[in-house]
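Chemist: Before I ask anything, let me first share the structure, which is written out below as structure tokens.
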Amino acid sequence: MSLYRDDGVVLRTLRLGEADRIVTLMTRGRGKVRAVAKGVRRTRSRFGARLEPLSHVTMLCWAGRELDVVNQAEVVESFRAVREDLNRVAKAYTLLEVVDQLAQERHANARLFDTVLGALRVLGERDAPLLVPAFLLKVLALEGSAPTDDVCVACGAATDLVAFDLSEGGVLCRSCRRGRPLSAGALELLRRILGGGLASALSEPAGPLVDELSDLATEATEVHLDRRLRSVRAGPGA
Ligand SMILES: [Zn+2]
């Protein structure tokens, strides 16, 4: 077996026997990795609580055929402020769930890694109302599945865009409208998020616009993943 070092964000953990755990991580260099952490559940474990979901760790692993084995792990960021706030934990788990669904095992996707790490850092600083929808839309864009936001997807009209249809993949004008109604404010926010104005979008206060964009982004992601997002629907503690 060969030894490698990589950075990763812990997505989830699963008990394995009496004392061990299988840890699923999104790594910078190898995509999604599943690794066994031996003795992690013993009180005097050398890994302690380092390999808990949310932690950004740097680790040394033995590469295995199916599962790797964690040799060393150090916490880079624990995101304690997120862990101590139920609202923010729920949001963080939505990010982790989406990454877990999208990332491929042992297939590097550094942009997805950077995007989730960046989102966790924002969440560590403040509970930005638009963080989750912005993250979902950014990730859809990385996947090449961003909704069309500049012209009507049916006729190409650039004005009077008043609806959004998930199966059509974007916005629709008044004559072609179907799907859900889209307010001018939500369209403007959508364009800001997808067009490089993410930082300003993240200072958007909670309210109907954020709710509208949140529903839109959640549904667009669910259509892309072809499954429901457990953590968004169930809320914290599920
Ligand atoms: Zn149209």
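Residues in the structure tokens are named by chain (A, B, ... in the order shown) and by number from 1 within that chain; ligands are numbered from 1 in the order shown.
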How would you report the residues lying within 7 Å of ligand 1, as a list in words, if you count only C-alpha atoms and all ligand atoms?
Modeler: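 The distance check yields Cys152, Val153, Ala154, Cys155, Gly156, Ala157, Leu172, Cys173, Arg174, Ser175, Cys176 and Arg177 of chain A.
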Chemist: Where does DSSP see alpha helix (DSSP H) in range 66-234 of chain A, if you list the residues as a PyMOL selection string?
Modeler: chain A and resi 80-83+86-102+110-125+131-142+184-194+198-201+208-225+230-234
Chemist: List the spatial neighbours of Cys61 in chain A as a PyMOL selection string - criterion: any atom at most 12 Å away, only C-alpha atoms, same-chain residues fewer than 2 positions off excluded.
Modeler: chain A and resi 1-8+23+25+27+30+33-38+57-59+63-64+67-74
Chemist: If we count only C-alpha atoms, what is near Val9 in chain A at a cut-off of 6 Å, once residues fewer than 6 positions away on the same chain are taken out, given as a ChimeraX atom specification?
Modeler: /A:25-26,55-56
Chemist: Convert the current residue selection to file output with C-alpha atoms, as a compact mmCIF listing (two decimals), in the first residue's frame.
Modeler:
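As written to disk, again.txt reads:
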```
# COMPACT_ATOMS: atom_id res chain seq x y z
CA LEU A 25 -14.15 12.83 3.20
CA MET A 26 -14.14 15.28 0.33
CA SER A 55 -13.85 19.06 10.33
CA HIS A 56 -11.29 20.24 7.82
```
Chemist: Considering only C-alpha atoms, return as a list in words whatever protein or nucleic-acid residues lie within 7 Å of range 109-126 of chain A, sequence-local ones (same chain, fewer than 6 positions apart) excluded.
Modeler: Met26, Thr27, Arg28, Gly29, Gly31, Phe79, Ala81, Val82, Arg88, Ala92, Leu95 and Phe135 of chain A
Chemist: Could you tell me how far CA of Pro133 in chain A sits from CA of Gly207 in chain A, in Å to one decimal place?
Modeler: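 Computing the Euclidean distance for CA of Gly207 in chain A and CA of Pro133 in chain A yields 13.4 Å.
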Chemist: I need the residue nearest Asp100 in chain A from this list: A:Thr218, A:Arg12, A:Val75, A:Glu204. Use only C-alpha atoms for the distance.
Modeler: A:Arg12
Chemist: Quick one: of A:Val40, A:Leu11, A:Leu202, A:Leu187, who's nearest to Ala103 in chain A, counting only C-alpha atoms?
Modeler: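 Checking each of A:Val40, A:Leu11, A:Leu202, A:Leu187 against Ala103 in chain A, counting only C-alpha atoms, the winner is A:Leu11.
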Chemist: I want to know what sits within 7 Å of Ala201 in chain A, based on only C-alpha atoms, with residues of the same chain fewer than 6 positions away left out; could you give that as a ChimeraX atom specification?
Modeler: /A:189,192-193
Chemist: Would you kindly return, as a list in words, each protein, DNA or RNA residue with an atom no farther than 8 Å from any atom of Leu225 in chain A, considering only C-alpha atoms and excluding same-chain residues fewer than 3 positions away?
Modeler: Gln101, Leu102, Thr221, Glu222 and Arg228 of chain A
Chemist: Grab the residues selected above and save them as a compact mmCIF listing (two decimals), in the first residue's frame with N, CA, C and O atoms.
Modeler:
```
# COMPACT_ATOMS: atom_id res chain seq x y z
N GLN A 101 -23.23 13.60 -2.41
CA GLN A 101 -23.99 13.11 -3.57
C GLN A 101 -23.27 13.36 -4.89
O GLN A 101 -23.35 12.55 -5.81
N LEU A 102 -22.59 14.49 -4.98
CA LEU A 102 -22.01 14.89 -6.27
C LEU A 102 -20.59 14.40 -6.50
O LEU A 102 -20.21 14.10 -7.62
N THR A 221 -31.51 21.76 -7.44
CA THR A 221 -30.52 20.77 -7.03
C THR A 221 -31.14 19.38 -6.98
O THR A 221 -30.53 18.40 -7.41
N GLU A 222 -32.37 19.31 -6.47
CA GLU A 222 -33.04 18.01 -6.38
C GLU A 222 -33.31 17.42 -7.76
O GLU A 222 -33.19 16.22 -7.97
N ARG A 228 -34.42 13.78 -3.31
CA ARG A 228 -34.72 14.83 -2.35
C ARG A 228 -33.52 15.06 -1.46
O ARG A 228 -32.75 14.15 -1.19
```
